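Novice: Structure supplied as final-v1.cif; contents: mmCIF, C-alpha atoms.
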data_upload
loop_
_atom_site.label_atom_id
_atom_site.label_comp_id
_atom_site.auth_asym_id
_atom_site.auth_seq_id
_atom_site.Cartn_x
_atom_site.Cartn_y
_atom_site.Cartn_z
CA MET A 1 -85.05 25.22 12.80
CA THR A 2 -81.56 24.05 11.81
CA ASP A 3 -80.45 20.45 12.43
CA HIS A 4 -76.84 20.09 13.61
CA PHE A 5 -77.12 16.92 15.66
CA SER A 6 -78.72 14.03 13.76
CA THR A 7 -75.30 12.54 12.99
CA VAL A 8 -74.40 12.45 16.69
CA ALA A 9 -77.85 11.81 18.15
CA ARG A 10 -76.78 8.93 20.38
CA GLN A 11 -73.68 10.73 21.64
CA TYR A 12 -75.75 13.85 22.27
CA ALA A 13 -78.28 11.92 24.34
CA GLU A 14 -75.60 10.19 26.38
CA ALA A 15 -73.20 13.09 26.87
CA ARG A 16 -75.21 16.21 27.62
CA PRO A 17 -75.39 17.57 31.19
CA THR A 18 -78.72 17.47 33.01
CA TYR A 19 -80.75 20.47 34.06
CA PRO A 20 -81.46 20.98 37.77
CA ALA A 21 -84.74 19.66 39.16
CA ALA A 22 -85.29 23.07 40.77
CA LEU A 23 -85.74 24.60 37.31
CA PHE A 24 -88.67 22.33 36.47
CA ASP A 25 -90.18 22.65 39.96
CA TRP A 26 -90.19 26.42 39.41
CA LEU A 27 -91.69 26.13 35.91
CA ALA A 28 -94.57 24.09 37.32
CA THR A 29 -95.45 26.97 39.66
CA LEU A 30 -95.78 29.55 36.87
CA THR A 31 -99.06 28.38 35.35
CA PRO A 32 -102.52 27.88 36.89
CA ALA A 33 -102.67 24.36 35.45
CA CYS A 34 -100.06 21.71 34.62
CA ASP A 35 -101.89 20.06 31.74
CA GLN A 36 -100.04 20.66 28.47
CA VAL A 37 -96.45 21.64 27.60
CA TRP A 38 -94.88 22.16 24.20
CA ASP A 39 -91.17 21.36 24.45
CA ALA A 40 -89.84 22.83 21.21
CA GLY A 41 -86.49 21.69 19.85
CA ALA A 42 -86.69 18.81 22.31
CA GLY A 43 -83.70 16.94 20.90
CA SER A 44 -83.02 13.83 22.95
CA GLY A 45 -85.79 14.72 25.37
CA GLN A 46 -83.90 15.59 28.52
CA ALA A 47 -86.17 18.51 29.36
CA SER A 48 -89.22 16.63 28.09
CA LEU A 49 -88.72 13.88 30.65
CA ALA A 50 -88.39 16.32 33.55
CA LEU A 51 -91.49 18.16 32.37
CA ALA A 52 -93.44 14.90 32.05
CA GLU A 53 -92.91 14.30 35.76
CA ARG A 54 -94.75 17.55 36.50
CA PHE A 55 -97.22 18.02 33.61
CA GLN A 56 -99.89 15.70 32.24
CA ARG A 57 -98.97 16.00 28.54
CA VAL A 58 -95.72 16.98 26.88
CA GLN A 59 -95.60 17.58 23.13
CA ALA A 60 -91.90 17.12 22.28
CA THR A 61 -91.01 18.40 18.80
CA ASP A 62 -87.78 18.45 16.84
CA ILE A 63 -86.87 18.36 13.16
CA SER A 64 -84.39 15.55 13.84
CA ALA A 65 -86.06 12.14 13.87
CA GLU A 66 -82.75 10.64 15.00
CA GLN A 67 -82.67 12.90 18.03
CA LEU A 68 -86.23 12.04 19.02
CA LYS A 69 -85.47 8.33 18.68
CA SER A 70 -83.04 8.81 21.55
CA ALA A 71 -85.68 10.49 23.72
CA PRO A 72 -86.85 8.57 26.81
CA GLN A 73 -90.20 6.83 26.73
CA HIS A 74 -92.83 8.21 29.10
CA PRO A 75 -96.65 7.94 29.04
CA HIS A 76 -96.97 11.73 29.24
CA ILE A 77 -94.69 12.41 26.26
CA THR A 78 -95.71 12.50 22.60
CA CYS A 79 -92.92 13.04 20.05
CA ARG A 80 -93.47 14.85 16.76
CA VAL A 81 -90.91 15.38 13.99
CA ASP A 82 -91.71 18.99 13.11
CA ASP A 83 -90.75 22.54 13.97
CA MET A 84 -94.37 23.44 14.70
CA SER A 85 -96.32 22.24 17.72
CA GLY A 86 -99.25 20.37 16.18
CA LEU A 87 -101.39 21.68 19.05
CA VAL A 88 -104.75 23.42 18.83
CA ASP A 89 -105.16 27.10 19.66
CA ALA A 90 -104.82 28.20 23.31
CA SER A 91 -104.08 24.68 24.56
CA ALA A 92 -100.62 24.94 26.15
CA ASP A 93 -99.92 26.05 29.69
CA LEU A 94 -96.20 26.26 29.03
CA VAL A 95 -93.78 26.38 26.09
CA THR A 96 -90.15 25.50 26.73
CA VAL A 97 -86.97 25.63 24.66
CA ALA A 98 -83.87 24.05 26.17
CA GLN A 99 -80.56 25.02 24.51
CA ALA A 100 -82.18 25.33 21.07
CA LEU A 101 -83.72 28.79 20.56
CA HIS A 102 -80.69 29.96 18.58
CA TRP A 103 -81.51 27.47 15.79
CA PHE A 104 -85.10 28.71 15.32
CA ASN A 105 -86.78 30.96 12.81
CA LEU A 106 -87.88 33.28 15.61
CA ASP A 107 -90.72 35.04 13.81
CA ALA A 108 -92.41 31.76 12.89
CA PHE A 109 -91.74 30.24 16.29
CA TYR A 110 -93.05 33.16 18.29
CA ALA A 111 -96.19 33.30 16.17
CA GLU A 112 -96.79 29.62 16.97
CA VAL A 113 -96.12 30.21 20.67
CA LYS A 114 -98.70 32.99 20.81
CA ARG A 115 -101.19 30.78 18.99
CA VAL A 116 -100.92 27.75 21.27
CA LEU A 117 -100.42 29.37 24.69
CA LYS A 118 -103.41 29.77 26.97
CA PRO A 119 -104.18 33.34 28.09
CA GLU A 120 -102.16 32.82 31.29
CA GLY A 121 -99.57 30.62 29.65
CA VAL A 122 -95.81 31.07 29.95
CA ILE A 123 -92.81 30.61 27.68
CA ALA A 124 -89.42 29.75 29.18
CA VAL A 125 -86.17 29.42 27.23
CA TRP A 126 -82.71 28.68 28.52
CA SER A 127 -79.14 28.06 27.50
CA TYR A 128 -75.86 27.12 29.12
CA GLY A 129 -72.42 28.32 28.11
CA LEU A 130 -68.90 27.02 28.44
CA LEU A 131 -68.21 24.91 31.50
CA THR A 132 -65.64 25.51 34.21
CA THR A 133 -63.94 22.81 36.29
CA ASP A 134 -62.59 22.51 39.82
CA ASP A 135 -59.04 23.17 38.52
CA ASP A 136 -57.92 26.47 36.96
CA ASP A 137 -55.41 24.92 34.55
CA LEU A 138 -57.95 22.38 33.35
CA THR A 139 -60.54 25.13 32.91
CA GLN A 140 -58.08 27.08 30.75
CA ALA A 141 -57.39 23.98 28.65
CA VAL A 142 -61.12 23.49 28.08
CA ALA A 143 -61.41 27.15 27.05
CA HIS A 144 -58.54 26.68 24.58
CA LEU A 145 -60.33 23.72 23.02
CA HIS A 146 -63.59 25.65 22.79
CA ASN A 147 -62.22 28.99 21.61
CA ASP A 148 -59.14 28.13 19.56
CA ILE A 149 -59.17 24.54 18.34
CA VAL A 150 -62.84 24.10 17.39
CA GLY A 151 -63.57 27.82 17.71
CA PRO A 152 -63.58 28.60 13.96
CA TYR A 153 -66.22 25.91 13.45
CA TRP A 154 -68.80 27.26 15.85
CA PRO A 155 -71.85 28.62 14.00
CA PRO A 156 -72.58 32.32 14.61
CA GLN A 157 -75.48 31.36 16.87
CA ARG A 158 -73.01 30.15 19.52
CA HIS A 159 -72.69 33.74 20.69
CA ASP A 160 -76.42 33.79 21.45
CA VAL A 161 -76.02 30.70 23.63
CA GLU A 162 -73.19 32.17 25.64
CA ASN A 163 -74.99 35.42 26.41
CA GLY A 164 -78.18 33.68 27.50
CA TYR A 165 -80.18 34.82 24.46
CA ALA A 166 -80.00 38.37 25.78
CA ASN A 167 -79.61 39.77 22.24
CA LEU A 168 -82.44 37.75 20.70
CA THR A 169 -85.90 39.23 20.39
CA PHE A 170 -88.26 38.00 23.10
CA PRO A 171 -91.70 39.59 22.55
CA PHE A 172 -93.17 38.62 25.90
CA VAL A 173 -93.72 40.29 29.25
CA ALA A 174 -90.66 39.26 31.24
CA LEU A 175 -91.02 37.30 34.46
CA PRO A 176 -88.44 37.36 37.27
CA VAL A 177 -86.22 34.29 37.22
CA PRO A 178 -84.39 32.84 40.22
CA ASP A 179 -80.78 31.73 40.03
CA PHE A 180 -80.17 28.10 39.10
CA ALA A 181 -77.03 26.03 39.43
CA MET A 182 -76.06 23.47 36.79
CA THR A 183 -73.34 21.10 37.99
CA ALA A 184 -72.18 17.54 37.36
CA GLN A 185 -69.68 15.01 38.64
CA TRP A 186 -68.10 13.47 35.55
CA ASP A 187 -65.06 11.37 34.77
CA LEU A 188 -62.82 12.29 31.86
CA ASN A 189 -64.40 9.87 29.39
CA ARG A 190 -67.84 11.39 29.97
CA LEU A 191 -66.44 14.86 29.41
CA LEU A 192 -64.74 13.83 26.17
CA GLY A 193 -68.05 12.41 24.97
CA TYR A 194 -69.66 15.77 25.65
CA PHE A 195 -66.98 17.56 23.65
CA ARG A 196 -67.53 15.13 20.76
CA SER A 197 -71.21 16.12 20.70
CA TRP A 198 -70.47 19.82 20.18
CA SER A 199 -71.77 21.12 16.86
CA ALA A 200 -68.35 22.69 16.23
CA THR A 201 -66.66 19.32 16.68
CA VAL A 202 -69.06 17.72 14.23
CA ARG A 203 -68.43 20.45 11.66
CA MET A 204 -64.65 20.33 12.09
CA GLU A 205 -64.55 16.55 11.69
CA LYS A 206 -66.72 16.75 8.59
CA ASP A 207 -64.47 19.45 7.11
CA THR A 208 -61.05 17.99 8.00
CA GLY A 209 -61.73 14.27 8.38
CA ASP A 210 -60.24 14.29 11.88
CA ASN A 211 -61.96 14.40 15.24
CA PRO A 212 -60.19 17.16 17.20
CA ILE A 213 -61.12 15.66 20.56
CA ASP A 214 -59.03 12.55 19.92
CA GLY A 215 -55.91 14.64 19.38
CA TYR A 216 -56.54 16.91 22.37
CA ALA A 217 -57.52 14.19 24.86
CA PRO A 218 -53.91 13.59 26.09
CA VAL A 219 -53.61 17.27 27.04
CA LEU A 220 -56.75 17.07 29.12
CA GLN A 221 -55.76 13.75 30.68
CA ALA A 222 -52.39 15.13 31.80
CA LEU A 223 -54.21 17.86 33.70
CA TRP A 224 -57.04 15.64 34.90
CA GLY A 225 -54.98 12.91 36.54
CA ASP A 226 -56.76 9.60 37.10
CA PRO A 227 -59.29 9.60 34.21
CA GLU A 228 -61.78 7.59 36.27
CA GLN A 229 -61.75 10.12 39.10
CA PRO A 230 -64.84 12.37 38.85
CA ARG A 231 -64.40 16.11 38.88
CA THR A 232 -66.92 18.86 39.55
CA LEU A 233 -68.05 20.70 36.42
CA THR A 234 -70.21 23.82 36.36
CA TRP A 235 -72.13 25.43 33.51
CA PRO A 236 -73.70 28.91 33.62
CA LEU A 237 -77.45 28.35 33.18
CA MET A 238 -79.34 31.37 31.87
CA VAL A 239 -83.14 31.45 31.72
CA ARG A 240 -85.63 33.88 30.16
CA ALA A 241 -89.36 33.56 30.88
CA GLY A 242 -92.39 35.59 29.91
CA GLU A 243 -96.11 35.84 29.37
CA VAL A 244 -97.94 36.90 26.22
CA THR A 245 -99.78 39.70 28.08
CA ALA A 246 -99.27 41.43 31.43
#
Show how you would write the structure in this file as structure tokens.

Specialist:
Amino acid sequence: MTDHFSTVARQYAEARPTYPAALFDWLATLTPACDQVWDAGAGSGQASLALAERFQRVQATDISAEQLKSAPQHPHITCRVDDMSGLVDASADLVTVAQALHWFNLDAFYAEVKRVLKPEGVIAVWSYGLLTTDDDDLTQAVAHLHNDIVGPYWPPQRHDVENGYANLTFPFVALPVPDFAMTAQWDLNRLLGYFRSWSATVRMEKDTGDNPIDGYAPVLQALWGDPEQPRTLTWPLMVRAGEVTA
């Protein structure tokens, strides 16, 4: 796994959008038992917390100790700084990866998934792409920031995120996935914090010494209006799920 977020761990934890409760309700219906989950690439633990409300034990792993320090405390969650699960064979009902599969060594990860999943266990991975807003001009300005200003600093794996991991190998028997909506009501400051947590922003600031969000904020504010007025934001949420055997 590749670590792009330790330097912005706090911002990442505070700024990222939340996944819909319906996603985790659905995940809890996929396995005969709700005992053990491995949440791989858990980061700041957003998915781990939602899983802990539905499963008895959540093993949250990430190679970034700083990220895991920002994870919420919950009696069902155990954090482990590692890219492997630390679980015994055939012990997990579910393995999840939220917005992180593109950083993994897939061969090693999939081998570990097949080792730790129970015979009827399930793996579910998901990603979300570029957001849209409730205003066309603002949406275009966000796209310009994403594609043109910080665009050259996105790692190649960003393409995998935006196409829902459709081009990545997924050696599991696919399960049908319902549609999920991922929306938020944010003010401008919250949105700018999210943009500052992008891996491309971090890389651009490291390379140039300037944070591109600071310079672009006035453009967004002119289109936003009252910066304290929340707007509706929507992200495309794409999920793949599967079983080891049919």

Novice: Between CA of Leu223 (chain A) and CA of Arg196 (chain A), measure the distance and give it in Å to one decimal.

Specialist: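 The value is 18.8 Å.
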
Novice: Please provide as a ChimeraX atom specification all residues within 12 Å of Gln221 (chain A), with the sequence filter that same-chain residues fewer than 4 positions apart are discarded (counting all atoms listed in the file).

Specialist: /A:137-138,141-142,187-189,191-192,213-217,225-229

Novice: Could you work out how far CA of Val97 (chain A) lies from CA of Gly45 (chain A), giving the answer in Å with one decimal?

Specialist: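 That distance, rounded to one decimal, is 11.0 Å.
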
Novice: Quick one: pull the distance between CA of Val125 (chain A) and CA of Gln99 (chain A), Å, one decimal.

Specialist: 7.6 Å

Novice: Here is a test: counting only C-alpha atoms, which residue of A:Thr78, A:Gln46, A:Asn211, A:Thr18 is nearest to Trp198 (chain A)?

Specialist: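 Nearest candidate to Trp198 (chain A) out of A:Thr78, A:Gln46, A:Asn211, A:Thr18: A:Asn211.
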
Novice: Where does the PyMOL selection byres ((chain A and resi 205) around 12) land in this file, that is, which residues does it pick, as a VMD selection string?

Specialist: chain A and resid 7 to 8 149 to 150 153 196 to 204 206 to 215

Novice: Compile the contact shell of Gly86 (chain A) as a list in words: residues with an atom at most 10 Å away, counting only C-alpha atoms, same-chain residues fewer than 6 positions apart removed.

Specialist: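 My list of contacting residues is Trp38, Gln59, Thr61, Arg80, Glu112 and Val116 of chain A.
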
Novice: Which residues match the PyMOL selection byres ((chain A and resi 24) around 12) in the file above, as a compact mmCIF listing (two decimals) with C-alpha atoms, in the frame of the given file?

Specialist:
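Generated output (out-v1.txt):
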# COMPACT_ATOMS: atom_id res chain seq x y z
CA THR A 18 -78.72 17.47 33.01
CA TYR A 19 -80.75 20.47 34.06
CA PRO A 20 -81.46 20.98 37.77
CA ALA A 21 -84.74 19.66 39.16
CA ALA A 22 -85.29 23.07 40.77
CA LEU A 23 -85.74 24.60 37.31
CA ASP A 25 -90.18 22.65 39.96
CA TRP A 26 -90.19 26.42 39.41
CA LEU A 27 -91.69 26.13 35.91
CA ALA A 28 -94.57 24.09 37.32
CA THR A 29 -95.45 26.97 39.66
CA LEU A 30 -95.78 29.55 36.87
CA CYS A 34 -100.06 21.71 34.62
CA VAL A 37 -96.45 21.64 27.60
CA GLN A 46 -83.90 15.59 28.52
CA ALA A 47 -86.17 18.51 29.36
CA SER A 48 -89.22 16.63 28.09
CA LEU A 49 -88.72 13.88 30.65
CA ALA A 50 -88.39 16.32 33.55
CA LEU A 51 -91.49 18.16 32.37
CA ALA A 52 -93.44 14.90 32.05
CA GLU A 53 -92.91 14.30 35.76
CA ARG A 54 -94.75 17.55 36.50
CA PHE A 55 -97.22 18.02 33.61
CA LEU A 94 -96.20 26.26 29.03
CA THR A 96 -90.15 25.50 26.73
CA ALA A 98 -83.87 24.05 26.17
CA ALA A 124 -89.42 29.75 29.18
CA VAL A 125 -86.17 29.42 27.23
CA TRP A 126 -82.71 28.68 28.52
CA PRO A 178 -84.39 32.84 40.22
CA PHE A 180 -80.17 28.10 39.10
CA VAL A 239 -83.14 31.45 31.72

Novice: Neighbours of Val173 (chain A) within 12 Å (all atoms listed in the file; same-chain residues fewer than 2 positions away dropped), as a ChimeraX atom specification?

Specialist: /A:120-124,169-171,175-176,240-246

Novice: Keeping C-alpha atoms, export the residues of the selection given above as an mmCIF file, keeping the file's coordinate frame.

Specialist:
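Below is the file out-v4.cif, written as the result:
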data_model
loop_
_atom_site.group_PDB
_atom_site.id
_atom_site.type_symbol
_atom_site.label_atom_id
_atom_site.label_comp_id
_atom_site.auth_asym_id
_atom_site.auth_seq_id
_atom_site.Cartn_x
_atom_site.Cartn_y
_atom_site.Cartn_z
ATOM 1 C CA GLU A 120 -102.160 32.820 31.290
ATOM 2 C CA GLY A 121 -99.570 30.620 29.650
ATOM 3 C CA VAL A 122 -95.810 31.070 29.950
ATOM 4 C CA ILE A 123 -92.810 30.610 27.680
ATOM 5 C CA ALA A 124 -89.420 29.750 29.180
ATOM 6 C CA THR A 169 -85.900 39.230 20.390
ATOM 7 C CA PHE A 170 -88.260 38.000 23.100
ATOM 8 C CA PRO A 171 -91.700 39.590 22.550
ATOM 9 C CA LEU A 175 -91.020 37.300 34.460
ATOM 10 C CA PRO A 176 -88.440 37.360 37.270
ATOM 11 C CA ARG A 240 -85.630 33.880 30.160
ATOM 12 C CA ALA A 241 -89.360 33.560 30.880
ATOM 13 C CA GLY A 242 -92.390 35.590 29.910
ATOM 14 C CA GLU A 243 -96.110 35.840 29.370
ATOM 15 C CA VAL A 244 -97.940 36.900 26.220
ATOM 16 C CA THR A 245 -99.780 39.700 28.080
ATOM 17 C CA ALA A 246 -99.270 41.430 31.430
#

Novice: Written as a count of residues only, what is the full residue list that the PyMOL selection byres ((chain A and resi 118) around 6) yields on the file shown?

Specialist: 8

Novice: How big is the axis-aligned box around the listed atoms of region 146-153 of chain A once 6 Å is added on each side, and where is its centre? Give both in Å to one decimal, as lines of an AutoDock Vina configuration file.

Specialist:
center_x = -62.7
center_y = 26.5
center_z = 18.1
size_x = 19.1
size_y = 16.9
size_z = 21.3

Novice: Return the single residue from A:Gln67, A:Gln73, A:Thr139, A:Asn147 that is closest to His159 (chain A), with distances computed using only C-alpha atoms.

Specialist: A:Asn147

Novice: Of the candidates A:Thr183, A:Asp62, A:Leu220, A:Ala71, which one gets nearest to Leu131 (chain A) if we count only C-alpha atoms?

Specialist: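 Smallest distance to Leu131 (chain A) is found for A:Thr183.
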
Novice: Determine the nearest neighbour of Thr232 (chain A) from the options A:Ala174, A:Phe104, A:Asp134, A:Gln157, counting all atoms listed in the file.

Specialist: A:Asp134

Novice: Of the candidates A:His102, A:His74, A:Arg115, A:His144, which shows the shortest atom-to-atom distance to Val88 (chain A), using only C-alpha atoms?

Specialist: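 When distances to Val88 (chain A) are compared using only C-alpha atoms, the smallest one comes from A:Arg115.
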
Novice: Could you model N, CA and C atoms for region 126-146 of chain A and present them as a short mmCIF file (atom, residue, chain, number, x, y, z; two decimals), keeping the file's coordinate frame?

Specialist:
data_model
loop_
_atom_site.label_atom_id
_atom_site.label_comp_id
_atom_site.auth_asym_id
_atom_site.auth_seq_id
_atom_site.Cartn_x
_atom_site.Cartn_y
_atom_site.Cartn_z
N TRP A 126 -83.96 28.61 27.78
CA TRP A 126 -82.71 28.68 28.52
C TRP A 126 -81.55 28.12 27.72
N SER A 127 -80.36 28.54 28.13
CA SER A 127 -79.14 28.06 27.50
C SER A 127 -78.05 27.95 28.56
N TYR A 128 -77.02 27.19 28.23
CA TYR A 128 -75.86 27.12 29.12
C TYR A 128 -74.60 27.28 28.28
N GLY A 129 -73.64 28.01 28.83
CA GLY A 129 -72.42 28.32 28.11
C GLY A 129 -71.29 27.36 28.41
N LEU A 130 -70.08 27.85 28.27
CA LEU A 130 -68.90 27.02 28.44
C LEU A 130 -68.71 26.66 29.91
N LEU A 131 -68.39 25.41 30.14
CA LEU A 131 -68.21 24.91 31.50
C LEU A 131 -66.90 25.38 32.12
N THR A 132 -66.87 25.37 33.45
CA THR A 132 -65.64 25.51 34.21
C THR A 132 -65.46 24.25 35.05
N THR A 133 -64.24 24.01 35.51
CA THR A 133 -63.94 22.81 36.29
C THR A 133 -63.44 23.23 37.67
N ASP A 134 -63.11 22.23 38.48
CA ASP A 134 -62.59 22.51 39.82
C ASP A 134 -61.08 22.74 39.82
N ASP A 135 -60.48 22.93 38.64
CA ASP A 135 -59.04 23.17 38.52
C ASP A 135 -58.82 24.27 37.48
N ASP A 136 -58.10 25.32 37.85
CA ASP A 136 -57.92 26.47 36.96
C ASP A 136 -57.21 26.11 35.66
N ASP A 137 -56.15 25.29 35.75
CA ASP A 137 -55.41 24.92 34.55
C ASP A 137 -56.27 24.09 33.60
N LEU A 138 -57.06 23.21 34.17
CA LEU A 138 -57.95 22.38 33.35
C LEU A 138 -59.03 23.25 32.70
N THR A 139 -59.55 24.21 33.46
CA THR A 139 -60.54 25.13 32.91
C THR A 139 -59.97 25.91 31.73
N GLN A 140 -58.73 26.36 31.84
CA GLN A 140 -58.08 27.08 30.75
C GLN A 140 -57.89 26.19 29.52
N ALA A 141 -57.57 24.91 29.77
CA ALA A 141 -57.39 23.98 28.65
C ALA A 141 -58.71 23.73 27.93
N VAL A 142 -59.79 23.65 28.68
CA VAL A 142 -61.12 23.49 28.08
C VAL A 142 -61.46 24.73 27.25
N ALA A 143 -61.15 25.91 27.77
CA ALA A 143 -61.41 27.15 27.05
C ALA A 143 -60.60 27.21 25.75
N HIS A 144 -59.37 26.71 25.79
CA HIS A 144 -58.54 26.68 24.58
C HIS A 144 -59.15 25.77 23.52
N LEU A 145 -59.65 24.62 23.95
CA LEU A 145 -60.33 23.72 23.02
C LEU A 145 -61.54 24.40 22.40
N HIS A 146 -62.35 25.02 23.23
CA HIS A 146 -63.59 25.65 22.79
C HIS A 146 -63.33 26.86 21.89
#
